[in-house]
Every structure is written in structure tokens, then in C-alpha cells.
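Enquirer: Sharing model-v5.cif (mmCIF, C-alpha atoms and all ligand atoms) below.
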```
data_my_file
#
loop_
_atom_site.label_atom_id
_atom_site.label_comp_id
_atom_site.auth_asym_id
_atom_site.auth_seq_id
_atom_site.Cartn_x
_atom_site.Cartn_y
_atom_site.Cartn_z
CA MET A 8 144.12 78.36 114.76
CA ARG A 9 144.64 75.72 117.42
CA GLY A 10 141.59 74.64 119.43
CA ALA A 11 140.44 71.84 121.74
CA VAL A 12 137.84 69.43 120.35
CA LEU A 13 136.01 66.61 122.15
CA HIS A 14 135.70 63.57 119.87
CA ALA A 15 134.25 61.09 122.36
CA PRO A 16 134.15 60.75 126.15
CA GLY A 17 137.72 60.99 127.41
CA ASP A 18 139.06 61.91 123.95
CA VAL A 19 140.14 65.58 123.83
CA ARG A 20 142.37 66.61 120.92
CA VAL A 21 143.92 69.97 120.15
CA GLU A 22 143.79 70.43 116.41
CA ASP A 23 143.67 73.02 113.65
CA ARG A 24 140.28 74.72 113.48
CA ASP A 25 139.10 77.42 111.06
CA ASP A 26 139.77 80.95 112.30
CA PRO A 27 136.46 82.49 113.38
CA LYS A 28 135.08 85.26 111.18
CA ILE A 29 132.58 88.04 111.70
CA ILE A 30 129.20 86.55 110.71
CA GLU A 31 126.74 89.08 112.12
CA PRO A 32 127.43 92.84 112.21
CA THR A 33 127.05 92.66 116.01
CA ASP A 34 129.95 90.16 116.39
CA ALA A 35 133.47 90.69 117.68
CA ILE A 36 136.53 88.48 117.25
CA ILE A 37 138.86 88.29 120.22
CA ARG A 38 142.34 86.85 120.59
CA LEU A 39 142.29 84.88 123.86
CA SER A 40 144.89 85.77 126.46
CA ALA A 41 143.76 82.81 128.54
CA THR A 42 140.97 80.25 128.66
CA CYS A 43 140.19 77.38 131.01
CA ILE A 44 138.46 74.09 131.66
CA CYS A 45 135.14 74.17 133.52
CA GLY A 46 133.73 71.58 135.89
CA SER A 47 130.72 71.52 133.57
CA ASP A 48 132.99 70.47 130.66
CA LEU A 49 133.58 67.26 132.62
CA TRP A 50 129.96 66.14 132.22
CA SER A 51 130.47 65.48 128.50
CA TYR A 52 134.12 64.41 129.01
CA ARG A 53 132.86 61.71 131.36
CA GLY A 54 130.09 60.69 128.97
CA ILE A 55 127.34 61.72 131.40
CA GLU A 56 126.20 64.22 128.77
CA GLU A 57 126.00 62.79 125.27
CA VAL A 58 128.81 63.63 122.83
CA ASP A 59 127.34 64.08 119.37
CA GLY A 60 130.31 64.05 117.00
CA PRO A 61 133.45 66.21 117.35
CA SER A 62 132.55 69.36 119.33
CA PRO A 63 134.72 72.40 120.07
CA LEU A 64 135.24 72.88 123.80
CA GLY A 65 135.25 75.81 126.19
CA HIS A 66 133.08 78.76 127.17
CA GLU A 67 135.34 80.87 129.46
CA TYR A 68 137.37 83.65 127.90
CA ALA A 69 139.25 86.89 128.32
CA GLY A 70 141.35 88.56 125.68
CA VAL A 71 141.99 91.38 123.27
CA VAL A 72 139.49 92.50 120.64
CA GLN A 73 140.87 91.98 117.11
CA GLU A 74 137.95 92.99 114.94
CA VAL A 75 134.34 94.11 115.32
CA GLY A 76 131.31 94.02 113.03
CA GLY A 77 129.77 97.14 111.48
CA GLN A 78 127.08 97.55 114.15
CA VAL A 79 129.37 97.28 117.18
CA SER A 80 129.84 100.69 118.76
CA ARG A 81 130.77 100.25 122.43
CA ILE A 82 133.57 97.69 122.03
CA ARG A 83 136.69 98.60 120.02
CA PRO A 84 139.67 96.66 118.64
CA GLY A 85 142.60 96.72 121.07
CA GLN A 86 140.46 96.61 124.22
CA PHE A 87 140.92 93.81 126.77
CA VAL A 88 137.51 92.28 127.39
CA VAL A 89 135.78 89.68 129.54
CA GLY A 90 132.48 88.06 128.61
CA SER A 91 130.26 85.28 129.86
CA PHE A 92 129.16 81.87 128.58
CA PHE A 93 125.92 83.29 127.18
CA ALA A 94 126.05 86.18 124.76
CA SER A 95 123.29 88.66 125.58
CA ASP A 96 122.00 91.93 124.12
CA ASN A 97 121.90 93.49 127.60
CA THR A 98 118.90 95.60 126.49
CA CYS A 99 115.83 93.33 126.53
CA GLU A 100 113.47 93.26 129.47
CA LEU A 101 115.06 90.14 130.99
CA CYS A 102 118.60 91.55 130.64
CA GLN A 103 117.50 94.82 132.21
CA ALA A 104 116.09 92.82 135.13
CA GLY A 105 119.54 91.24 135.61
CA TYR A 106 118.90 87.88 133.94
CA GLN A 107 121.22 88.18 130.94
CA SER A 108 121.70 84.40 130.84
CA SER A 109 117.98 84.20 129.91
CA CYS A 110 118.25 87.04 127.36
CA ILE A 111 115.63 86.64 124.63
CA HIS A 112 118.51 86.78 122.11
CA ARG A 113 121.00 84.72 124.12
CA GLU A 114 123.55 82.57 122.31
CA PRO A 115 125.75 79.95 124.02
CA LEU A 116 129.47 80.64 123.63
CA GLY A 117 130.22 76.97 124.21
CA ALA A 118 129.09 76.29 120.64
CA GLU A 119 131.95 78.53 119.41
CA GLY A 120 134.59 76.74 121.50
CA ALA A 121 136.58 79.13 123.68
CA GLN A 122 139.48 76.72 124.32
CA ALA A 123 141.20 78.09 121.24
CA GLU A 124 143.36 80.98 120.06
CA PHE A 125 140.47 83.09 118.74
CA LEU A 126 136.77 83.32 119.52
CA ARG A 127 133.75 84.88 117.82
CA VAL A 128 131.57 86.65 120.39
CA PRO A 129 128.00 87.42 119.25
CA LEU A 130 126.18 90.55 120.53
CA ALA A 131 129.55 92.06 121.43
CA ASP A 132 128.20 95.37 122.73
CA GLY A 133 125.90 93.63 125.20
CA THR A 134 128.14 90.71 126.10
CA LEU A 135 131.64 92.09 126.58
CA VAL A 136 132.95 94.33 129.35
CA ALA A 137 136.28 96.10 128.78
CA THR A 138 138.90 96.62 131.47
CA PRO A 139 140.12 100.21 132.08
CA ASP A 140 143.38 99.43 130.26
CA LEU A 141 145.41 96.40 129.10
CA PRO A 142 145.91 94.36 132.30
CA PRO A 143 149.27 93.33 133.71
CA ASP A 144 149.84 89.62 133.12
CA ASP A 145 149.31 88.66 136.77
CA LEU A 146 145.71 89.93 136.67
CA VAL A 147 144.74 87.81 133.66
CA PRO A 148 143.85 84.63 135.65
CA SER A 149 141.53 86.59 137.95
CA LEU A 150 139.88 88.39 135.02
CA LEU A 151 139.40 85.04 133.31
CA ALA A 152 137.83 83.67 136.52
CA ALA A 153 135.25 86.48 136.33
CA SER A 154 134.05 85.01 133.01
CA ASP A 155 132.38 82.08 134.71
CA VAL A 156 133.49 80.56 138.02
CA LEU A 157 133.66 83.80 139.98
CA GLY A 158 130.48 85.16 138.38
CA THR A 159 128.73 81.85 139.04
CA GLY A 160 129.90 81.61 142.65
CA TRP A 161 128.86 85.23 143.12
CA PHE A 162 125.39 84.55 141.74
CA GLY A 163 125.14 81.53 144.05
CA ALA A 164 125.77 83.82 147.01
CA VAL A 165 123.35 86.51 145.77
CA ALA A 166 120.67 83.89 145.01
CA ALA A 167 121.20 82.48 148.52
CA ASP A 168 120.55 85.99 149.89
CA VAL A 169 123.95 86.27 151.59
CA GLY A 170 124.32 89.47 153.54
CA PRO A 171 125.80 90.89 156.72
CA ARG A 172 125.28 88.77 159.86
CA THR A 173 124.35 85.66 157.86
CA THR A 174 125.72 82.16 158.29
CA VAL A 175 126.48 80.60 154.93
CA ALA A 176 127.17 76.98 154.07
CA VAL A 177 128.78 76.05 150.75
CA VAL A 178 128.15 72.60 149.28
CA GLY A 179 130.88 71.73 146.77
CA ASP A 180 134.61 72.43 146.86
CA GLY A 181 135.20 72.88 143.14
CA ALA A 182 136.22 76.27 141.77
CA VAL A 183 132.63 77.60 141.88
CA GLY A 184 132.10 76.55 145.50
CA LEU A 185 135.44 78.05 146.52
CA LEU A 186 134.61 81.33 144.81
CA GLY A 187 131.17 81.17 146.43
CA VAL A 188 133.11 81.38 149.68
CA LEU A 189 134.95 84.45 148.38
CA ALA A 190 131.65 86.03 147.29
CA ALA A 191 130.01 85.34 150.65
CA ARG A 192 132.94 87.03 152.37
CA GLN A 193 132.68 90.09 150.11
CA LEU A 194 128.92 90.26 150.67
CA GLY A 195 129.51 90.48 154.41
CA ALA A 196 128.67 87.01 155.72
CA GLU A 197 129.54 86.56 159.38
CA ARG A 198 130.24 82.85 159.25
CA ILE A 199 131.09 80.74 156.20
CA ILE A 200 131.09 76.96 156.44
CA ALA A 201 132.87 75.24 153.56
CA MET A 202 132.00 71.58 153.02
CA SER A 203 135.13 69.79 151.80
CA ARG A 204 137.20 66.75 152.62
CA HIS A 205 140.23 67.69 150.51
CA GLN A 206 142.98 69.45 152.35
CA PRO A 207 144.32 71.73 149.57
CA ARG A 208 140.76 72.85 148.82
CA GLN A 209 140.07 73.44 152.51
CA GLN A 210 143.14 75.68 152.66
CA LEU A 211 142.00 77.67 149.65
CA ALA A 212 138.51 77.99 151.16
CA VAL A 213 140.01 79.39 154.36
CA GLY A 214 142.14 81.77 152.29
CA PHE A 215 138.98 83.01 150.55
CA GLY A 216 137.21 83.58 153.89
CA ALA A 217 135.77 80.30 155.21
CA THR A 218 135.50 80.27 159.01
CA ASP A 219 134.58 76.58 159.43
CA ILE A 220 135.19 73.37 157.52
CA VAL A 221 132.80 70.42 157.51
CA GLU A 222 134.17 67.18 156.08
CA GLU A 223 131.01 65.09 156.38
CA ARG A 224 128.60 64.72 153.48
CA GLY A 225 124.98 63.77 152.96
CA ASP A 226 122.93 63.30 156.16
CA ASP A 227 126.09 63.51 158.31
CA GLY A 228 127.00 66.81 156.65
CA VAL A 229 123.51 68.16 157.31
CA ALA A 230 123.76 67.09 160.96
CA ARG A 231 127.10 68.94 161.33
CA ILE A 232 125.66 72.13 159.82
CA LYS A 233 122.72 71.91 162.23
CA GLU A 234 125.12 71.38 165.12
CA LEU A 235 127.10 74.48 164.15
CA THR A 236 123.97 76.64 163.83
CA GLY A 237 122.11 75.97 167.08
CA GLY A 238 120.05 73.22 165.46
CA LEU A 239 118.48 75.62 162.94
CA GLY A 240 120.53 75.32 159.76
CA ALA A 241 122.31 78.05 157.78
CA HIS A 242 120.59 81.23 156.59
CA SER A 243 122.10 80.83 153.15
CA VAL A 244 123.39 77.74 151.35
CA ILE A 245 125.27 77.80 148.06
CA GLU A 246 124.88 74.57 146.10
CA ALA A 247 127.74 74.19 143.59
CA VAL A 248 127.66 70.55 142.49
CA GLY A 249 124.37 69.65 140.79
CA THR A 250 123.67 66.12 142.00
CA GLN A 251 120.70 64.69 143.89
CA GLU A 252 122.82 64.27 147.02
CA SER A 253 124.28 67.79 146.94
CA MET A 254 120.92 69.44 146.27
CA LEU A 255 119.20 67.62 149.16
CA GLN A 256 122.22 68.34 151.36
CA ALA A 257 121.82 72.03 150.54
CA ILE A 258 118.06 72.14 151.14
CA ARG A 259 118.30 70.20 154.40
CA SER A 260 121.17 72.40 155.66
CA THR A 261 119.02 75.55 155.26
CA ARG A 262 116.89 76.90 158.09
CA PRO A 263 113.17 77.62 157.59
CA GLY A 264 112.94 80.99 155.87
CA GLY A 265 116.49 80.59 154.53
CA HIS A 266 117.68 80.54 150.95
CA VAL A 267 119.45 78.04 148.69
CA GLY A 268 121.36 79.48 145.72
CA TYR A 269 121.94 76.57 143.35
CA VAL A 270 124.49 77.00 140.60
CA GLY A 271 125.76 73.45 140.01
CA VAL A 272 124.32 72.32 136.66
CA ALA A 273 121.60 69.87 137.73
CA HIS A 274 121.95 66.29 136.51
CA GLY A 275 119.21 63.86 137.50
CA VAL A 276 118.02 65.99 140.41
CA GLU A 277 114.44 65.26 141.53
CA LEU A 278 113.04 67.19 144.45
CA PRO A 279 110.60 65.63 146.92
CA GLY A 280 107.58 67.95 146.85
CA GLU A 281 106.25 67.24 150.29
CA GLU A 282 109.62 67.72 152.00
CA LEU A 283 110.11 70.93 150.06
CA PHE A 284 106.64 72.13 151.09
CA PHE A 285 107.35 71.73 154.77
CA SER A 286 110.94 73.04 154.58
CA HIS A 287 110.02 76.73 154.19
CA VAL A 288 113.17 77.15 152.10
CA HIS A 289 113.58 79.58 149.18
CA LEU A 290 115.19 78.07 146.08
CA HIS A 291 116.77 80.23 143.42
CA GLY A 292 119.48 79.42 140.92
CA GLY A 293 120.22 78.44 137.36
CA PRO A 294 122.84 79.50 134.82
CA ALA A 295 124.40 82.56 136.41
CA PRO A 296 123.68 85.93 134.81
CA VAL A 297 127.41 86.66 135.03
CA ARG A 298 127.04 89.76 132.86
CA ARG A 299 125.07 91.43 135.70
CA PHE A 300 128.10 91.22 137.99
CA LEU A 301 130.99 91.70 135.52
CA PRO A 302 131.50 95.47 135.94
CA GLU A 303 131.66 95.13 139.74
CA LEU A 304 133.85 92.00 139.64
CA ILE A 305 136.29 93.54 137.15
CA ASP A 306 136.52 96.61 139.36
CA LEU A 307 137.29 94.50 142.47
CA ILE A 308 139.96 92.56 140.56
CA TRP A 309 141.45 95.65 138.89
CA ASN A 310 141.87 97.30 142.29
CA ARG A 311 143.31 94.07 143.72
CA ARG A 312 140.60 93.74 146.35
CA ILE A 313 140.02 90.08 145.44
CA ASP A 314 142.26 87.43 143.89
CA PRO A 315 139.96 84.74 142.45
CA GLY A 316 142.72 83.63 140.05
CA LYS A 317 144.11 81.55 142.93
CA VAL A 318 141.65 78.79 141.96
CA PHE A 319 143.85 77.99 138.98
CA ASP A 320 146.30 75.48 140.41
CA LEU A 321 147.54 74.21 137.05
CA GLN A 322 148.52 76.22 133.97
CA LEU A 323 149.21 74.51 130.65
CA PRO A 324 149.79 75.53 127.05
CA ILE A 325 146.59 74.92 125.10
CA ASP A 326 148.26 72.08 123.16
CA GLU A 327 148.25 70.13 126.44
CA ALA A 328 144.51 70.55 127.01
CA ALA A 329 144.00 66.76 127.13
CA GLU A 330 146.27 66.56 130.18
CA GLY A 331 144.28 69.42 131.73
CA TYR A 332 141.05 67.44 131.35
CA ARG A 333 142.65 64.34 132.87
CA ALA A 334 143.96 66.37 135.82
CA MET A 335 140.52 67.85 136.54
CA ASP A 336 138.72 64.55 135.98
CA GLU A 337 141.03 62.82 138.47
CA ARG A 338 140.74 65.80 140.86
CA ARG A 339 144.51 66.35 140.69
CA ALA A 340 143.72 69.95 139.77
CA ILE A 341 140.97 72.27 140.99
CA LYS A 342 140.90 74.33 137.82
CA VAL A 343 143.15 74.38 134.79
CA LEU A 344 144.11 77.55 132.93
CA LEU A 345 145.11 77.13 129.28
CA ARG A 346 147.41 79.58 127.52
CA PRO A 347 146.81 79.81 123.77
ZN ZN B 1 118.54 90.50 126.51
#
```
Show me, as C-alpha cells, the structure contained in the file I just sent.
Expert:
Amino acid sequence: MRGAVLHAPGDVRVEDRDDPKIIEPTDAIIRLSATCICGSDLWSYRGIEEVDGPSPLGHEYAGVVQEVGGQVSRIRPGQFVVGSFFASDNTCELCQAGYQSSCIHREPLGAEGAQAEFLRVPLADGTLVATPDLPPDDLVPSLLAASDVLGTGWFGAVAADVGPRTTVAVVGDGAVGLLGVLAARQLGAERIIAMSRHQPRQQLAVGFGATDIVEERGDDGVARIKELTGGLGAHSVIEAVGTQESMLQAIRSTRPGGHVGYVGVAHGVELPGEELFFSHVHLHGGPAPVRRFLPELIDLIWNRRIDPGKVFDLQLPIDEAAEGYRAMDERRAIKVLLRP
């Protein structure tokens, strides 16, 4: 099969890889209808995360089940399925509490490399959620978005305790931040402030439900959020970047008693203890337990209540994955969908 492989920072090649096979009786093999490039893939592409020899790329996937192992009972060949970037049994105590991305049996899908034609999914019964039927082609991008960016933005909003009558600020205008806006809207937020200085992203944010745009960043951004919230700060702040600046911007934009939901993968973030102590801010985040939200998100997409697939502003055949990485790295594209 064809699959994208990272050889060194900036060096993505699409090459022949071995077709995945059933290894454990709980595995499934799916044929990908679509896959995509994640903002978190850029950390290794940019050399900020170490690249240790050629590594298959990709952890976002939606497609049709080809084959299942002998112990898989809930998922059947022919079904269209969506899964998340961690395989999970969905039965252990942590899964049952809604933290499938900390499942005691979790396995990272990134190691399998989802930017390819086929993918082995471990713990298929726990990991995969089937759609009611084979989807029409125009729903595939939105269903793929549920695999990570929508699920992650949604968790950011839930972790930030977004609810009716809340004011929400979103730090980060990548796909996760934009879908955090969509999630906040669905969860009933009254006011949603998107922090972005890029016009096409601002437009998308407004389309997803943002009521205000703040272009300033850092201390100036915090000051603008305070200005817009009677000097208090937002009730809920979604942090979708993962840098020192964005994390402090999120914490400082939150009112005492408010909540930060942080879903940007943290790189070099160090929190000042004393400031945190006096801030009275709740912090919750981490790798999103996307599996918790998948049934609800698939239902919203299937019934065309939400259209998260709009975050894909560039679609390429998988053989052109390298161009997709360049486009995201240079911020020419918000999110790139790859068609195997
Ligand atoms: Zn589990």
C-alpha cells in the first residue's frame, strides 16, 4: 500500500509500505476513505520533536472495515467507522469514567501510520464507532474531523466547563481552536471570542459561531479579553496551541473561578506556581478522550446539524502528502485532507 513516512524534519515521502495484517484477535483492518494532517504532526516535521529514523505518519482516520480478528464482535466488515488516535478497550475503569485516552490498555494509532491506504486498529470493539450506514461522500470530511480535531476541540470546551450563559475565549486559530468555537456554540455559550489575526480563519470562526474576534496576543490579548468581559476575564478558555505564551494567555484571560480547557500538546510549558495559586483558575486538559464524544458527534454530523469538515481547506491525493505538510507548515492551509 501507499503511505506517508517522515524520514527527517521536512522530509515526508509517500512510499510503498507493507499492508497491515491482523496481529491480535481484537484487531480490525480498515480501508481509509480519507485521512489528514494534524497540527501535532508538524512538531516532528519541524524538528521540534525528535525524528528517530523513518516513521509512518498520521493518526486520524475514517473508512470501511475490511477484516476483523476472531474476538471482534461489535464491529463487522463493510461498516464505515471512525476511531480516535488512541485505541482503547472502552471497558476499564478509566474508559468507563470517560477517559479512554488514558485507557489502561491504550495503544497509539500514530505508530501504525494512518496517512496510508489501510490501517490496523487495535481493540476494534472498544475503539471504533460505526455510522448508521455508508455515508454519502460529502459527509466524509466531517466524519474524519470527528476522529481528532472536532473531538479534541469538543473536549477543550467540555474541560473548560462551557455551558449556557458562559463567555468563552479560544486561544489558537488552528483546526482544533476553530472547532472549539463550534463546540462552544453547540454547548450553548452566549459569547465566543476567537483569538486570531488571520482573516480566512476569522471568517471560519464566525461561521462556526464566534461572536467576537481579538487580534492581539500575549499581554495585549489578555487585556482585550478583560476589556470585553467587564474586567473579569472569560468564564471558559480553550487553549489549543501548547506553547508557554498561549498557556499563560489562556490562564490570564480566565476569571477567578473560571476554567481553562487545554488541548494543545504542551511543548516547553512551565507554569508559575505562585501566579497559578492566586489565579483561582481550574485547569483541565490533556489528550482528548475523543471516544467519549464520538457517538454524539457522529450523530450531529449524520443529521447535518454541524459541518466541521469545513476546516479542510485543501484536499490532496495521498501521493502529494509532502505538499500538504508544506502548506500547513507555511500556514497556507488550515488543515489538509488526504485521499488514499
Ligand atoms: Zn480502557
Enquirer: May I have a table of the residues of stretch 213-293 of chain A lying at most 12 Å from stretch 175-179 of chain A, giving each one's closest pair of atoms and their distance in Å to one decimal, counting all atoms listed in the file, ordered by chain and ascending residue number, as CSV?
Expert:
```
residue,atom,partner,partner_atom,distance
A:Gly216,CA,A:Val175,CA,11.2
A:Ala217,CA,A:Ala176,CA,9.3
A:Thr218,CA,A:Val175,CA,9.9
A:Asp219,CA,A:Ala176,CA,9.2
A:Ile220,CA,A:Ala176,CA,9.4
A:Val221,CA,A:Ala176,CA,9.3
A:Glu222,CA,A:Val178,CA,10.6
A:Glu223,CA,A:Val178,CA,10.7
A:Arg224,CA,A:Val178,CA,8.9
A:Gly225,CA,A:Val178,CA,10.1
A:Gly228,CA,A:Val178,CA,9.4
A:Val229,CA,A:Ala176,CA,10.1
A:Arg231,CA,A:Ala176,CA,10.8
A:Ile232,CA,A:Ala176,CA,7.7
A:Lys233,CA,A:Ala176,CA,10.6
A:Leu235,CA,A:Ala176,CA,10.4
A:Thr236,CA,A:Val175,CA,10.1
A:Gly240,CA,A:Ala176,CA,8.9
A:Ala241,CA,A:Val175,CA,5.7
A:His242,CA,A:Val175,CA,6.2
A:Ser243,CA,A:Val175,CA,4.7
A:Val244,CA,A:Ala176,CA,4.7
A:Ile245,CA,A:Val177,CA,4.8
A:Glu246,CA,A:Val178,CA,5.0
A:Ala247,CA,A:Gly179,CA,5.1
A:Val248,CA,A:Gly179,CA,5.5
A:Gly249,CA,A:Gly179,CA,9.1
A:Thr250,CA,A:Gly179,CA,10.3
A:Glu252,CA,A:Val178,CA,10.1
A:Ser253,CA,A:Val178,CA,6.6
A:Met254,CA,A:Val178,CA,8.4
A:Leu255,CA,A:Val178,CA,10.2
A:Gln256,CA,A:Val178,CA,7.6
A:Ala257,CA,A:Val178,CA,6.5
A:Ile258,CA,A:Val178,CA,10.3
A:Arg259,CA,A:Ala176,CA,11.2
A:Ser260,CA,A:Ala176,CA,7.7
A:Thr261,CA,A:Ala176,CA,8.4
A:Arg262,CA,A:Val175,CA,10.8
A:Gly265,CA,A:Val175,CA,10.0
A:His266,CA,A:Val175,CA,9.7
A:Val267,CA,A:Ala176,CA,9.5
A:Gly268,CA,A:Val177,CA,9.6
A:Tyr269,CA,A:Val178,CA,9.5
A:Val270,CA,A:Gly179,CA,10.3
A:Gly271,CA,A:Gly179,CA,8.7
```
Enquirer: Per residue of chain A within 7 Å of ligand ZN 1 (chain B), what are the shortest atom pair and its distance in Å to one decimal, counting all atoms listed in the file, with rows by chain and residue number, as CSV?
Expert:
```
residue,atom,partner,partner_atom,distance
A:Ser95,CA,B:ZN1,ZN,5.2
A:Asp96,CA,B:ZN1,ZN,4.4
A:Asn97,CA,B:ZN1,ZN,4.6
A:Thr98,CA,B:ZN1,ZN,5.1
A:Cys99,CA,B:ZN1,ZN,3.9
A:Glu100,CA,B:ZN1,ZN,6.5
A:Leu101,CA,B:ZN1,ZN,5.7
A:Cys102,CA,B:ZN1,ZN,4.3
A:Gln107,CA,B:ZN1,ZN,5.7
A:Cys110,CA,B:ZN1,ZN,3.6
A:Ile111,CA,B:ZN1,ZN,5.2
A:His112,CA,B:ZN1,ZN,5.8
A:Arg113,CA,B:ZN1,ZN,6.7
```
Enquirer: Just to confirm, what's the straight-line distance from atom CA of A:Leu185 to atom CA of A:Ala121 in Å (one decimal)?
Expert: 22.9 Å
Enquirer: Could you tell me which of A:Ala153, A:Leu186, A:Ala11, A:Ala230 comes closest to A:Leu345 if we count all atoms listed in the file?
Expert: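 Ranked by minimum distance to A:Leu345, first place goes to A:Ala11.
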Enquirer: Which residues are close to A:Arg312, i.e. within 12 Å by all atoms listed in the file, leaving aside same-chain residues fewer than 6 positions away? Reply as a ChimeraX atom specification.
Expert: /A:146,149,189-190,192-193,215,303-306
Enquirer: Selected residues, C-alpha atoms, written as an mmCIF file, in the coordinates of the input, please.
Expert:
```
data_model
loop_
_atom_site.group_PDB
_atom_site.id
_atom_site.type_symbol
_atom_site.label_atom_id
_atom_site.label_comp_id
_atom_site.auth_asym_id
_atom_site.auth_seq_id
_atom_site.Cartn_x
_atom_site.Cartn_y
_atom_site.Cartn_z
ATOM 1 C CA LEU A 146 145.710 89.930 136.670
ATOM 2 C CA SER A 149 141.530 86.590 137.950
ATOM 3 C CA LEU A 189 134.950 84.450 148.380
ATOM 4 C CA ALA A 190 131.650 86.030 147.290
ATOM 5 C CA ARG A 192 132.940 87.030 152.370
ATOM 6 C CA GLN A 193 132.680 90.090 150.110
ATOM 7 C CA PHE A 215 138.980 83.010 150.550
ATOM 8 C CA GLU A 303 131.660 95.130 139.740
ATOM 9 C CA LEU A 304 133.850 92.000 139.640
ATOM 10 C CA ILE A 305 136.290 93.540 137.150
ATOM 11 C CA ASP A 306 136.520 96.610 139.360
#
```
Enquirer: So what do you get for atom CA of A:Val213 versus atom CA of A:Val188, distance-wise?
Expert: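 Answer for the atom CA of A:Val213 to atom CA of A:Val188 separation: 8.6 Å.
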Enquirer: Measuring atom to atom with only C-alpha atoms, identify which of A:Ile199, A:Leu211, A:Leu239, A:Val136 is nearest to A:Arg299.
Expert: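 Once distances to A:Arg299 are computed over only C-alpha atoms, the minimum belongs to A:Val136.
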Enquirer: Give me the residues within 8 Å of stretch 76-93 of chain A as a count of residues only, counting all atoms listed in the file and dropping any in the same chain fewer than 5 places off.
Expert: 37
Enquirer: So how many Å separate atom CA of A:Pro129 and atom CA of A:Asp26, to one decimal?
Expert: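 That distance, rounded to one decimal, is 15.1 Å.
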Enquirer: When distances are computed from only C-alpha atoms, which of A:Gly214, A:Gly184, A:Pro324, A:Pro139 shows the smallest separation from A:Met202?
Expert: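 For A:Met202, the nearest of the candidates is A:Gly184.
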Enquirer: Check the smallest atom-to-atom distance from each of A:Lys28, A:Gly163, A:Glu74, A:Val12 to A:Ala118 using only C-alpha atoms, then report the winner.
Expert: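 Selected residue with least distance to A:Ala118: A:Val12.
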Enquirer: Please output stretch 331-337 of chain A, rebuilt to include all heavy atoms, as an mmCIF file, keeping the file's coordinate frame.
Expert:
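Output saved as out-v2.cif:
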```
data_model
loop_
_atom_site.group_PDB
_atom_site.id
_atom_site.type_symbol
_atom_site.label_atom_id
_atom_site.label_comp_id
_atom_site.auth_asym_id
_atom_site.auth_seq_id
_atom_site.Cartn_x
_atom_site.Cartn_y
_atom_site.Cartn_z
ATOM 1 N N GLY A 331 145.086 68.594 130.835
ATOM 2 C CA GLY A 331 144.280 69.420 131.730
ATOM 3 C C GLY A 331 142.955 68.749 132.091
ATOM 4 O O GLY A 331 142.537 68.751 133.253
ATOM 5 N N TYR A 332 142.311 68.149 131.086
ATOM 6 C CA TYR A 332 141.050 67.440 131.350
ATOM 7 C C TYR A 332 141.285 66.246 132.274
ATOM 8 O O TYR A 332 140.504 65.999 133.195
ATOM 9 C CB TYR A 332 140.401 66.979 130.029
ATOM 10 C CG TYR A 332 139.568 68.065 129.398
ATOM 11 C CD1 TYR A 332 140.140 69.033 128.583
ATOM 12 C CD2 TYR A 332 138.199 68.159 129.652
ATOM 13 C CE1 TYR A 332 139.389 70.045 128.028
ATOM 14 C CE2 TYR A 332 137.433 69.168 129.097
ATOM 15 C CZ TYR A 332 138.023 70.101 128.288
ATOM 16 O OH TYR A 332 137.267 71.111 127.764
ATOM 17 N N ARG A 333 142.372 65.499 131.999
ATOM 18 C CA ARG A 333 142.650 64.340 132.870
ATOM 19 C C ARG A 333 142.872 64.808 134.312
ATOM 20 O O ARG A 333 142.351 64.217 135.251
ATOM 21 C CB ARG A 333 143.899 63.589 132.367
ATOM 22 C CG ARG A 333 143.628 62.645 131.202
ATOM 23 C CD ARG A 333 144.799 61.695 130.956
ATOM 24 N NE ARG A 333 145.995 62.399 130.527
ATOM 25 C CZ ARG A 333 146.275 62.714 129.247
ATOM 26 N NH1 ARG A 333 145.428 62.382 128.285
ATOM 27 N NH2 ARG A 333 147.385 63.364 128.942
ATOM 28 N N ALA A 334 143.637 65.889 134.469
ATOM 29 C CA ALA A 334 143.960 66.370 135.820
ATOM 30 C C ALA A 334 142.695 66.794 136.567
ATOM 31 O O ALA A 334 142.547 66.530 137.764
ATOM 32 C CB ALA A 334 144.950 67.535 135.741
ATOM 33 N N MET A 335 141.752 67.442 135.862
ATOM 34 C CA MET A 335 140.520 67.850 136.540
ATOM 35 C C MET A 335 139.613 66.647 136.796
ATOM 36 O O MET A 335 138.983 66.531 137.836
ATOM 37 C CB MET A 335 139.798 68.936 135.761
ATOM 38 C CG MET A 335 140.398 70.298 136.066
ATOM 39 S SD MET A 335 139.593 71.684 135.257
ATOM 40 C CE MET A 335 137.935 71.633 135.927
ATOM 41 N N ASP A 336 139.555 65.742 135.835
ATOM 42 C CA ASP A 336 138.720 64.550 135.980
ATOM 43 C C ASP A 336 139.164 63.720 137.184
ATOM 44 O O ASP A 336 138.342 63.212 137.944
ATOM 45 C CB ASP A 336 138.805 63.710 134.694
ATOM 46 C CG ASP A 336 137.946 62.465 134.758
ATOM 47 O OD1 ASP A 336 136.809 62.560 135.248
ATOM 48 O OD2 ASP A 336 138.409 61.386 134.321
ATOM 49 N N GLU A 337 140.495 63.629 137.360
ATOM 50 C CA GLU A 337 141.030 62.820 138.470
ATOM 51 C C GLU A 337 141.169 63.640 139.744
ATOM 52 O O GLU A 337 141.724 63.169 140.734
ATOM 53 C CB GLU A 337 142.403 62.247 138.049
ATOM 54 C CG GLU A 337 142.294 61.238 136.909
ATOM 55 C CD GLU A 337 143.626 61.004 136.189
ATOM 56 O OE1 GLU A 337 144.683 61.427 136.723
ATOM 57 O OE2 GLU A 337 143.602 60.405 135.093
#
```
